[in-house]
file input.pdb (PDB, C-alpha atoms (C1' of nucleotides))
ATOM      1  CA  MET A   1      90.815  97.681  74.492  1.00  0.00           C
ATOM      2  CA  GLY A   2      92.006 100.499  76.780  1.00  0.00           C
ATOM      3  CA  LYS A   3      95.542 100.978  78.007  1.00  0.00           C
ATOM      4  CA  GLY A   4      94.718  99.550  81.415  1.00  0.00           C
ATOM      5  CA  GLU A   5      93.462  96.346  79.866  1.00  0.00           C
ATOM      6  CA  HIS A   6      96.592  96.058  77.748  1.00  0.00           C
ATOM      7  CA  LEU A   7      98.804  96.619  80.735  1.00  0.00           C
ATOM      8  CA  LEU A   8      96.901  94.052  82.749  1.00  0.00           C
ATOM      9  CA  LYS A   9      97.162  91.588  79.913  1.00  0.00           C
ATOM     10  CA  ILE A  10     100.899  92.068  79.775  1.00  0.00           C
ATOM     11  CA  TYR A  11     101.028  91.669  83.541  1.00  0.00           C
ATOM     12  CA  HIS A  12      99.169  88.383  83.388  1.00  0.00           C
ATOM     13  CA  SER A  13     101.359  87.036  80.594  1.00  0.00           C
ATOM     14  CA  PHE A  14     104.461  87.899  82.614  1.00  0.00           C
ATOM     15  CA  PHE A  15     103.007  86.320  85.716  1.00  0.00           C
ATOM     16  CA  GLU A  16     102.020  83.209  83.818  1.00  0.00           C
ATOM     17  CA  ARG A  17     105.513  82.894  82.411  1.00  0.00           C
ATOM     18  CA  PHE A  18     107.521  83.668  85.543  1.00  0.00           C
ATOM     19  CA  GLY A  19     105.214  83.306  88.535  1.00  0.00           C
ATOM     20  CA  PRO A  20     105.325  85.352  91.739  1.00  0.00           C
ATOM     21  CA  GLN A  21     108.678  87.016  92.390  1.00  0.00           C
ATOM     22  CA  HIS A  22     108.236  87.425  96.159  1.00  0.00           C
ATOM     23  CA  TRP A  23     109.480  90.977  96.360  1.00  0.00           C
ATOM     24  CA  TRP A  24     110.851  92.644  98.375  1.00  0.00           C
ATOM     25  CA  PRO A  25     113.378  90.035  99.505  1.00  0.00           C
ATOM     26  CA  GLY A  26     113.923  91.655 102.907  1.00  0.00           C
ATOM     27  CA  ASP A  27     112.707  90.619 106.330  1.00  0.00           C
ATOM     28  CA  THR A  28     111.836  94.063 107.665  1.00  0.00           C
ATOM     29  CA  PRO A  29     111.025  97.542 106.357  1.00  0.00           C
ATOM     30  CA  PHE A  30     114.447  98.632 107.582  1.00  0.00           C
ATOM     31  CA  GLU A  31     116.132  95.959 105.519  1.00  0.00           C
ATOM     32  CA  VAL A  32     114.048  96.942 102.500  1.00  0.00           C
ATOM     33  CA  ILE A  33     115.177 100.538 102.789  1.00  0.00           C
ATOM     34  CA  ILE A  34     118.849  99.719 103.186  1.00  0.00           C
ATOM     35  CA  GLY A  35     118.569  97.316 100.265  1.00  0.00           C
ATOM     36  CA  ALA A  36     116.852  99.936  98.120  1.00  0.00           C
ATOM     37  CA  ILE A  37     119.809 102.262  98.533  1.00  0.00           C
ATOM     38  CA  LEU A  38     122.445  99.575  98.099  1.00  0.00           C
ATOM     39  CA  THR A  39     120.886  98.147  94.951  1.00  0.00           C
ATOM     40  CA  GLN A  40     121.170 101.362  92.958  1.00  0.00           C
ATOM     41  CA  ASN A  41     122.690 100.315  89.634  1.00  0.00           C
ATOM     42  CA  THR A  42     123.857  97.106  91.279  1.00  0.00           C
ATOM     43  CA  SER A  43     122.876  93.461  91.095  1.00  0.00           C
ATOM     44  CA  TRP A  44     120.870  92.173  94.024  1.00  0.00           C
ATOM     45  CA  LYS A  45     123.338  89.372  94.675  1.00  0.00           C
ATOM     46  CA  ASN A  46     126.041  91.873  95.579  1.00  0.00           C
ATOM     47  CA  VAL A  47     123.591  93.723  97.789  1.00  0.00           C
ATOM     48  CA  GLU A  48     122.754  90.553  99.703  1.00  0.00           C
ATOM     49  CA  ARG A  49     126.380  90.109 100.605  1.00  0.00           C
ATOM     50  CA  ALA A  50     126.556  93.646 101.880  1.00  0.00           C
ATOM     51  CA  ILE A  51     123.415  93.170 103.973  1.00  0.00           C
ATOM     52  CA  ASN A  52     124.757  89.914 105.374  1.00  0.00           C
ATOM     53  CA  SER A  53     127.936  91.706 106.241  1.00  0.00           C
ATOM     54  CA  LEU A  54     125.968  94.447 108.007  1.00  0.00           C
ATOM     55  CA  LYS A  55     123.993  91.850 109.946  1.00  0.00           C
ATOM     56  CA  ALA A  56     127.169  90.009 110.922  1.00  0.00           C
ATOM     57  CA  SER A  57     128.589  93.251 112.292  1.00  0.00           C
ATOM     58  CA  GLY A  58     125.771  93.436 114.825  1.00  0.00           C
ATOM     59  CA  ARG A  59     125.018  96.987 113.745  1.00  0.00           C
ATOM     60  CA  PHE A  60     122.024  96.335 111.534  1.00  0.00           C
ATOM     61  CA  THR A  61     119.517  98.609 113.228  1.00  0.00           C
ATOM     62  CA  PRO A  62     118.747 102.271 112.614  1.00  0.00           C
ATOM     63  CA  LYS A  63     120.694 103.324 115.693  1.00  0.00           C
ATOM     64  CA  GLY A  64     123.447 100.806 115.043  1.00  0.00           C
ATOM     65  CA  LEU A  65     124.168 102.173 111.599  1.00  0.00           C
ATOM     66  CA  TYR A  66     123.592 105.739 112.730  1.00  0.00           C
ATOM     67  CA  ASP A  67     126.370 105.253 115.254  1.00  0.00           C
ATOM     68  CA  THR A  68     128.722 103.519 112.844  1.00  0.00           C
ATOM     69  CA  PRO A  69     131.593 105.641 111.493  1.00  0.00           C
ATOM     70  CA  ILE A  70     131.168 106.191 107.795  1.00  0.00           C
ATOM     71  CA  ASP A  71     134.440 104.559 106.808  1.00  0.00           C
ATOM     72  CA  ILE A  72     133.539 101.433 108.780  1.00  0.00           C
ATOM     73  CA  LEU A  73     130.132 101.460 107.120  1.00  0.00           C
ATOM     74  CA  ALA A  74     131.734 101.784 103.692  1.00  0.00           C
ATOM     75  CA  GLN A  75     133.885  98.720 104.314  1.00  0.00           C
ATOM     76  CA  LEU A  76     130.894  96.699 105.499  1.00  0.00           C
ATOM     77  CA  ILE A  77     128.968  97.400 102.293  1.00  0.00           C
ATOM     78  CA  ARG A  78     131.986  97.046 100.033  1.00  0.00           C
ATOM     79  CA  SER A  79     130.500  94.214  97.971  1.00  0.00           C
ATOM     80  CA  SER A  80     127.589  96.318  96.792  1.00  0.00           C
ATOM     81  CA  GLY A  81     129.858  98.619  94.805  1.00  0.00           C
ATOM     82  CA  TYR A  82     130.024 102.420  94.959  1.00  0.00           C
ATOM     83  CA  PHE A  83     130.625 101.874  98.645  1.00  0.00           C
ATOM     84  CA  ASN A  84     131.886 105.345  99.495  1.00  0.00           C
ATOM     85  CA  ILE A  85     128.911 107.020  97.874  1.00  0.00           C
ATOM     86  CA  LYS A  86     126.456 104.512  99.267  1.00  0.00           C
ATOM     87  CA  ALA A  87     127.852 104.831 102.774  1.00  0.00           C
ATOM     88  CA  ARG A  88     127.194 108.552 102.480  1.00  0.00           C
ATOM     89  CA  ARG A  89     123.686 107.908 101.168  1.00  0.00           C
ATOM     90  CA  LEU A  90     122.899 105.525 104.002  1.00  0.00           C
ATOM     91  CA  LYS A  91     124.147 108.123 106.455  1.00  0.00           C
ATOM     92  CA  ASN A  92     122.040 110.804 104.768  1.00  0.00           C
ATOM     93  CA  PHE A  93     118.959 108.655 105.156  1.00  0.00           C
ATOM     94  CA  LEU A  94     119.732 107.796 108.786  1.00  0.00           C
ATOM     95  CA  PHE A  95     120.360 111.442 109.566  1.00  0.00           C
ATOM     96  CA  PHE A  96     116.961 112.215 108.071  1.00  0.00           C
ATOM     97  CA  LEU A  97     115.333 109.401 110.067  1.00  0.00           C
ATOM     98  CA  PHE A  98     116.740 110.592 113.392  1.00  0.00           C
ATOM     99  CA  ASN A  99     116.195 114.257 112.633  1.00  0.00           C
ATOM    100  CA  GLU A 100     112.596 113.971 111.491  1.00  0.00           C
ATOM    101  CA  TYR A 101     111.351 110.930 113.407  1.00  0.00           C
ATOM    102  CA  GLU A 102     113.808 110.465 116.244  1.00  0.00           C
ATOM    103  CA  GLY A 103     114.962 107.244 114.638  1.00  0.00           C
ATOM    104  CA  ASP A 104     111.463 105.744 114.764  1.00  0.00           C
ATOM    105  CA  LEU A 105     110.992 103.988 111.437  1.00  0.00           C
ATOM    106  CA  GLY A 106     107.390 103.111 112.249  1.00  0.00           C
ATOM    107  CA  ALA A 107     106.615 106.782 112.616  1.00  0.00           C
ATOM    108  CA  MET A 108     108.172 107.535 109.259  1.00  0.00           C
ATOM    109  CA  LEU A 109     106.249 104.770 107.520  1.00  0.00           C
ATOM    110  CA  LYS A 110     102.952 105.977 108.966  1.00  0.00           C
ATOM    111  CA  GLU A 111     103.280 109.313 107.230  1.00  0.00           C
ATOM    112  CA  ASP A 112     101.119 110.213 104.283  1.00  0.00           C
ATOM    113  CA  GLY A 113     102.661 108.550 101.244  1.00  0.00           C
ATOM    114  CA  LEU A 114     102.967 111.564  98.990  1.00  0.00           C
ATOM    115  CA  LYS A 115     104.292 113.772 101.781  1.00  0.00           C
ATOM    116  CA  LEU A 116     106.876 111.171 102.674  1.00  0.00           C
ATOM    117  CA  ARG A 117     107.824 110.919  99.008  1.00  0.00           C
ATOM    118  CA  ASP A 118     108.574 114.634  98.856  1.00  0.00           C
ATOM    119  CA  LYS A 119     110.699 114.385 101.970  1.00  0.00           C
ATOM    120  CA  LEU A 120     112.617 111.351 100.790  1.00  0.00           C
ATOM    121  CA  LEU A 121     113.409 113.021  97.482  1.00  0.00           C
ATOM    122  CA  LYS A 122     115.102 115.838  99.369  1.00  0.00           C
ATOM    123  CA  VAL A 123     117.538 113.398 100.941  1.00  0.00           C
ATOM    124  CA  ASN A 124     120.706 113.422  98.884  1.00  0.00           C
ATOM    125  CA  GLY A 125     121.103 110.010  97.328  1.00  0.00           C
ATOM    126  CA  LEU A 126     117.421 109.113  97.167  1.00  0.00           C
ATOM    127  CA  GLY A 127     116.057 109.577  93.674  1.00  0.00           C
ATOM    128  CA  PRO A 128     112.584 108.729  92.387  1.00  0.00           C
ATOM    129  CA  GLU A 129     113.143 105.005  91.962  1.00  0.00           C
ATOM    130  CA  THR A 130     114.671 104.524  95.396  1.00  0.00           C
ATOM    131  CA  ALA A 131     112.030 106.700  97.065  1.00  0.00           C
ATOM    132  CA  ASP A 132     109.197 104.851  95.343  1.00  0.00           C
ATOM    133  CA  SER A 133     110.729 101.490  96.199  1.00  0.00           C
ATOM    134  CA  ILE A 134     110.756 102.521  99.846  1.00  0.00           C
ATOM    135  CA  LEU A 135     107.155 103.717  99.642  1.00  0.00           C
ATOM    136  CA  LEU A 136     105.863 100.603  97.908  1.00  0.00           C
ATOM    137  CA  TYR A 137     107.955  97.845  99.429  1.00  0.00           C
ATOM    138  CA  ALA A 138     108.603  99.208 102.923  1.00  0.00           C
ATOM    139  CA  ALA A 139     105.582 101.434 103.572  1.00  0.00           C
ATOM    140  CA  GLY A 140     103.030  99.515 101.506  1.00  0.00           C
ATOM    141  CA  PHE A 141     101.951 102.691  99.739  1.00  0.00           C
ATOM    142  CA  PRO A 142     100.513 101.983  96.261  1.00  0.00           C
ATOM    143  CA  ILE A 143     102.922 103.791  93.960  1.00  0.00           C
ATOM    144  CA  PHE A 144     104.346 102.328  90.780  1.00  0.00           C
ATOM    145  CA  VAL A 145     108.117 101.878  90.694  1.00  0.00           C
ATOM    146  CA  VAL A 146     109.739 102.679  87.355  1.00  0.00           C
ATOM    147  CA  ASP A 147     113.158 101.492  86.279  1.00  0.00           C
ATOM    148  CA  ALA A 148     115.204 101.306  83.099  1.00  0.00           C
ATOM    149  CA  TYR A 149     113.564  98.029  82.110  1.00  0.00           C
ATOM    150  CA  THR A 150     110.105  99.531  82.423  1.00  0.00           C
ATOM    151  CA  LYS A 151     111.001 102.278  79.986  1.00  0.00           C
ATOM    152  CA  ARG A 152     112.741  99.900  77.629  1.00  0.00           C
ATOM    153  CA  ILE A 153     109.948  97.345  77.474  1.00  0.00           C
ATOM    154  CA  PHE A 154     107.025  99.735  77.256  1.00  0.00           C
ATOM    155  CA  SER A 155     108.618 102.191  74.867  1.00  0.00           C
ATOM    156  CA  ARG A 156     109.435  99.314  72.540  1.00  0.00           C
ATOM    157  CA  HIS A 157     105.790  98.366  72.679  1.00  0.00           C
ATOM    158  CA  GLY A 158     104.747 101.922  71.868  1.00  0.00           C
ATOM    159  CA  TYR A 159     103.035 102.739  75.152  1.00  0.00           C
ATOM    160  CA  ILE A 160     105.447 105.587  75.900  1.00  0.00           C
ATOM    161  CA  LYS A 161     107.941 107.636  73.916  1.00  0.00           C
ATOM    162  CA  GLY A 162     111.484 106.376  73.669  1.00  0.00           C
ATOM    163  CA  ASP A 163     112.704 109.316  75.704  1.00  0.00           C
ATOM    164  CA  ALA A 164     109.905 109.245  78.274  1.00  0.00           C
ATOM    165  CA  ASP A 165     111.088 110.292  81.698  1.00  0.00           C
ATOM    166  CA  TYR A 166     110.378 108.713  85.073  1.00  0.00           C
ATOM    167  CA  HIS A 167     107.206 110.647  85.787  1.00  0.00           C
ATOM    168  CA  GLN A 168     105.680 110.126  82.356  1.00  0.00           C
ATOM    169  CA  THR A 169     106.288 106.402  82.598  1.00  0.00           C
ATOM    170  CA  GLN A 170     104.899 106.206  86.104  1.00  0.00           C
ATOM    171  CA  THR A 171     101.824 108.174  85.064  1.00  0.00           C
ATOM    172  CA  LEU A 172     101.015 105.679  82.315  1.00  0.00           C
ATOM    173  CA  PHE A 173     100.737 102.888  84.853  1.00  0.00           C
ATOM    174  CA  MET A 174      99.075 104.797  87.633  1.00  0.00           C
ATOM    175  CA  GLU A 175      96.431 106.354  85.426  1.00  0.00           C
ATOM    176  CA  SER A 176      95.688 103.082  83.642  1.00  0.00           C
ATOM    177  CA  LEU A 177      95.835 100.481  86.395  1.00  0.00           C
ATOM    178  CA  PRO A 178      93.912 100.219  89.664  1.00  0.00           C
ATOM    179  CA  LYS A 179      95.903 101.713  92.521  1.00  0.00           C
ATOM    180  CA  ASN A 180      96.646  98.423  94.180  1.00  0.00           C
ATOM    181  CA  GLU A 181      99.731  97.761  96.263  1.00  0.00           C
ATOM    182  CA  ASP A 182      99.900  94.053  95.478  1.00  0.00           C
ATOM    183  CA  LEU A 183      99.538  94.633  91.748  1.00  0.00           C
ATOM    184  CA  TYR A 184     102.255  97.292  91.708  1.00  0.00           C
ATOM    185  CA  ASN A 185     104.482  95.114  93.840  1.00  0.00           C
ATOM    186  CA  GLU A 186     104.305  92.104  91.572  1.00  0.00           C
ATOM    187  CA  TYR A 187     104.254  94.028  88.310  1.00  0.00           C
ATOM    188  CA  HIS A 188     107.467  95.892  88.958  1.00  0.00           C
ATOM    189  CA  ALA A 189     109.180  92.710  90.129  1.00  0.00           C
ATOM    190  CA  LEU A 190     108.027  90.891  87.003  1.00  0.00           C
ATOM    191  CA  ILE A 191     109.244  93.711  84.777  1.00  0.00           C
ATOM    192  CA  VAL A 192     112.680  93.370  86.322  1.00  0.00           C
ATOM    193  CA  ARG A 193     112.541  89.623  85.788  1.00  0.00           C
ATOM    194  CA  VAL A 194     111.544  90.011  82.144  1.00  0.00           C
ATOM    195  CA  GLY A 195     114.029  92.818  81.665  1.00  0.00           C
ATOM    196  CA  LYS A 196     116.891  90.550  82.538  1.00  0.00           C
ATOM    197  CA  ASP A 197     116.175  88.538  79.429  1.00  0.00           C
ATOM    198  CA  LEU A 198     115.624  91.510  77.158  1.00  0.00           C
ATOM    199  CA  CYS A 199     117.735  92.210  74.172  1.00  0.00           C
ATOM    200  CA  LYS A 200     120.293  94.926  74.828  1.00  0.00           C
ATOM    201  CA  LYS A 201     121.888  94.947  71.388  1.00  0.00           C
ATOM    202  CA  LYS A 202     121.811  97.934  69.099  1.00  0.00           C
ATOM    203  CA  PRO A 203     119.965  98.641  66.990  1.00  0.00           C
ATOM    204  CA  LEU A 204     117.244  97.536  69.335  1.00  0.00           C
ATOM    205  CA  CYS A 205     114.512  95.458  67.853  1.00  0.00           C
ATOM    206  CA  ARG A 206     111.335  97.442  68.161  1.00  0.00           C
ATOM    207  CA  ILE A 207     109.084  95.086  69.974  1.00  0.00           C
ATOM    208  CA  CYS A 208     111.213  92.931  72.219  1.00  0.00           C
ATOM    209  CA  PRO A 209     110.482  90.518  73.673  1.00  0.00           C
ATOM    210  CA  ILE A 210     107.680  89.603  71.286  1.00  0.00           C
ATOM    211  CA  GLU A 211     109.803  89.392  68.175  1.00  0.00           C
ATOM    212  CA  TYR A 212     113.001  88.780  69.967  1.00  0.00           C
ATOM    213  CA  ASP A 213     114.113  86.314  67.321  1.00  0.00           C
ATOM    214  CA  LEU A 214     115.018  89.246  65.119  1.00  0.00           C
ATOM    215  CA  HIS A 215     118.373  88.720  66.776  1.00  0.00           C
ATOM    216  CA  LYS A 216     119.431  85.252  65.782  1.00  0.00           C
ATOM    217  CA  LYS A 217     122.033  84.815  68.450  1.00  0.00           C
ATOM    218  CA  ALA A 218     119.851  86.026  71.253  1.00  0.00           C
ATOM    219  CA  LYS A 219     119.616  83.789  74.264  1.00  0.00           C
ATOM    220  CA  ASN A 220     116.814  83.472  76.766  1.00  0.00           C
ATOM    221  CA  VAL A 221     114.108  84.191  74.254  1.00  0.00           C
ATOM    222  CA  ILE A 222     110.832  84.940  75.945  1.00  0.00           C
ATOM    223  CA  LYS A 223     107.681  83.658  74.364  1.00  0.00           C
ATOM    224  CA  VAL A 224     104.905  85.328  76.229  1.00  0.00           C
ATOM    225  CA  GLY A 225     102.257  84.667  73.649  1.00  0.00           C
ATOM    226  CA  TYR A 226     100.598  88.032  73.310  1.00  0.00           C
ATOM    227  CA  ASP A 227      97.635  87.924  70.989  1.00  0.00           C
ATOM    228  CA  TRP A 228      96.916  91.512  70.135  1.00  0.00           C
TER
ATOM    229  C1'  DC B   1     138.514  91.400  76.763  1.00  0.00           C
ATOM    230  C1'  DA B   2     133.854  94.091  77.123  1.00  0.00           C
ATOM    231  C1'  DC B   3     129.556  94.916  79.176  1.00  0.00           C
ATOM    232  C1'  DC B   4     126.043  94.873  82.668  1.00  0.00           C
ATOM    233  C1'  DA B   5     123.609  95.298  87.300  1.00  0.00           C
ATOM    234  C1'  DG B   6     116.583  96.544  90.723  1.00  0.00           C
ATOM    235  C1'  DG B   7     120.534 105.046  90.049  1.00  0.00           C
ATOM    236  C1'  DC B   8     121.842 109.366  91.403  1.00  0.00           C
ATOM    237  C1'  DA B   9     124.342 113.649  91.713  1.00  0.00           C
ATOM    238  C1'  DA B  10     127.474 116.893  90.022  1.00  0.00           C
ATOM    239  C1'  DG B  11     129.897 118.981  86.426  1.00  0.00           C
ATOM    240  C1'  DT B  12     130.059 121.090  81.777  1.00  0.00           C
ATOM    241  C1'  DA B  13     128.490 123.738  77.711  1.00  0.00           C
TER
ATOM    242  C1'  DT C   1     118.127 122.914  79.701  1.00  0.00           C
ATOM    243  C1'  DA C   2     120.602 118.839  77.762  1.00  0.00           C
ATOM    244  C1'  DC C   3     124.403 115.940  77.848  1.00  0.00           C
ATOM    245  C1'  DT C   4     128.320 113.696  80.152  1.00  0.00           C
ATOM    246  C1'  DT C   5     130.914 111.628  83.825  1.00  0.00           C
ATOM    247  C1'  DG C   6     132.082 109.504  88.433  1.00  0.00           C
ATOM    248  C1'  DC C   7     131.057 106.077  91.413  1.00  0.00           C
ATOM    249  C1'  DA C   8     133.193 100.325  92.007  1.00  0.00           C
ATOM    250  C1'  DT C   9     132.254  95.484  92.958  1.00  0.00           C
ATOM    251  C1'  DG C  10     131.297  90.969  90.985  1.00  0.00           C
ATOM    252  C1'  DG C  11     129.138  88.047  87.274  1.00  0.00           C
ATOM    253  C1'  DT C  12     128.860  86.519  82.411  1.00  0.00           C
TER
END
call {"tool": "encode", "arguments": {"input": "input.pdb", "output": "structure tokens"}}
result
Amino acid sequence: MGKGEHLLKIYHSFFERFGPQHWWPGDTPFEVIIGAILTQNTSWKNVERAINSLKASGRFTPKGLYDTPIDILAQLIRSSGYFNIKARRLKNFLFFLFNEYEGDLGAMLKEDGLKLRDKLLKVNGLGPETADSILLYAAGFPIFVVDAYTKRIFSRHGYIKGDADYHQTQTLFMESLPKNEDLYNEYHALIVRVGKDLCKKKPLCRICPIEYDLHKKAKNVIKVGYDW
DNA sequence: CACCAGGCAAGTA
DNA sequence: TACTTGCATGGT
């Protein structure tokens, strides 16, 4: 069995266990992008509050936020944590949007995916995961989003090295799986869902979540029933 | 009380 | 280049 078949098999076992995750939980591409920045190293629940607060302010449009003073913006997104830094990052993105596309988000999203990726990565505050989240979940461009859970799960299973970086991990998926937006969308969301139940104790058991019971006290044991 | 959450940039050696 | 630290709220 090739890597792609393994990865698909894992995908199906995750999907069978957890079902569709309905990502991204945002109404518009704009909301997806703002959420992608706010959710950096932060639980989604806290991000939702910040987005609700932005909506309640009546400023939740590209121009509305572009025109909002940064200290006001920081207070509005307070609940998402790192609010001073994130206010700056939102401003950096909005500055980019108005500079390059005259504030026209549709124009930005129509750009060639890989070109847009390069541009986004030059915006201070947008790293590979945030940029790829924007490409996949806002622009619909088929690129695989990698996060800490992805590395943890698939290195424990031996598909990548323990110290594999973002690009190496992404390459595994994109060279093994069909380049399909819907597959990438659901797979990443499922990885996050599974990751939440993963063992974080040290020393890490090698093949979580399959032999998760190595840790007696572990809660939320996942039985995904792999058979290879 | 400690540790984590859908990261990233900047500083240090 | 390879590590380390700052950022900060809210949940468990």
call {"tool": "resolve_selection", "arguments": {"input": "input.pdb", "expression": "the PyMOL selection byres ((chain B) within 7 of (chain A))", "output": "list in words"}}
result
DA5, DG6, DG7 and DC8 of chain B
call {"tool": "resolve_selection", "arguments": {"input": "input.pdb", "expression": "the PyMOL selection byres ((chain A) within 8 of (chain C))", "output": "mmCIF file with C-alpha atoms, keeping the file's coordinate frame"}}
result
data_model
loop_
_atom_site.group_PDB
_atom_site.id
_atom_site.type_symbol
_atom_site.label_atom_id
_atom_site.label_comp_id
_atom_site.auth_asym_id
_atom_site.auth_seq_id
_atom_site.Cartn_x
_atom_site.Cartn_y
_atom_site.Cartn_z
ATOM 1 C CA ASN A 46 126.041 91.873 95.579
ATOM 2 C CA ARG A 78 131.986 97.046 100.033
ATOM 3 C CA SER A 79 130.500 94.214 97.971
ATOM 4 C CA SER A 80 127.589 96.318 96.792
ATOM 5 C CA GLY A 81 129.858 98.619 94.805
ATOM 6 C CA TYR A 82 130.024 102.420 94.959
ATOM 7 C CA PHE A 83 130.625 101.874 98.645
ATOM 8 C CA ILE A 85 128.911 107.020 97.874
#
call {"tool": "atom_distance", "arguments": {"input": "input.pdb", "atom1": "atom CA of A:Ile70", "atom2": "atom CA of A:Glu102"}}
result
19.8 Å
call {"tool": "resolve_selection", "arguments": {"input": "input.pdb", "expression": "the PyMOL selection byres ((chain A and resi 182) around 10)", "output": "ChimeraX atom specification"}}
result
/A:136-137,140-142,179-181,183-187
call {"tool": "residues_near_point", "arguments": {"input": "input.pdb", "point": "(128.3, 102.6, 111.1)", "cutoff": "9 Å", "atoms": "all atoms listed in the file", "output": "PyMOL selection string"}}
result
chain A and resi 59-60+63-74+76+87+91
call {"tool": "write_last_selection", "arguments": {"input": "input.pdb", "atoms": "C-alpha atoms", "output": "mmCIF file, in the coordinates of the input"}}
result
data_model
loop_
_atom_site.group_PDB
_atom_site.id
_atom_site.type_symbol
_atom_site.label_atom_id
_atom_site.label_comp_id
_atom_site.auth_asym_id
_atom_site.auth_seq_id
_atom_site.Cartn_x
_atom_site.Cartn_y
_atom_site.Cartn_z
ATOM 1 C CA ARG A 59 125.018 96.987 113.745
ATOM 2 C CA PHE A 60 122.024 96.335 111.534
ATOM 3 C CA LYS A 63 120.694 103.324 115.693
ATOM 4 C CA GLY A 64 123.447 100.806 115.043
ATOM 5 C CA LEU A 65 124.168 102.173 111.599
ATOM 6 C CA TYR A 66 123.592 105.739 112.730
ATOM 7 C CA ASP A 67 126.370 105.253 115.254
ATOM 8 C CA THR A 68 128.722 103.519 112.844
ATOM 9 C CA PRO A 69 131.593 105.641 111.493
ATOM 10 C CA ILE A 70 131.168 106.191 107.795
ATOM 11 C CA ASP A 71 134.440 104.559 106.808
ATOM 12 C CA ILE A 72 133.539 101.433 108.780
ATOM 13 C CA LEU A 73 130.132 101.460 107.120
ATOM 14 C CA ALA A 74 131.734 101.784 103.692
ATOM 15 C CA LEU A 76 130.894 96.699 105.499
ATOM 16 C CA ALA A 87 127.852 104.831 102.774
ATOM 17 C CA LYS A 91 124.147 108.123 106.455
#
call {"tool": "atom_distance", "arguments": {"input": "input.pdb", "atom1": "atom CA of A:Tyr11", "atom2": "atom CA of A:Phe173"}}
result
11.3 Å
call {"tool": "atom_distance", "arguments": {"input": "input.pdb", "atom1": "atom CA of A:Met174", "atom2": "atom CA of A:Leu97"}}
result
28.1 Å
call {"tool": "residues_around", "arguments": {"input": "input.pdb", "residues": "A:Gly19", "least_positions_apart": "6", "cutoff": "10 Å", "atoms": "all atoms listed in the file", "output": "ChimeraX atom specification"}}
result
/A:12-13,186,190
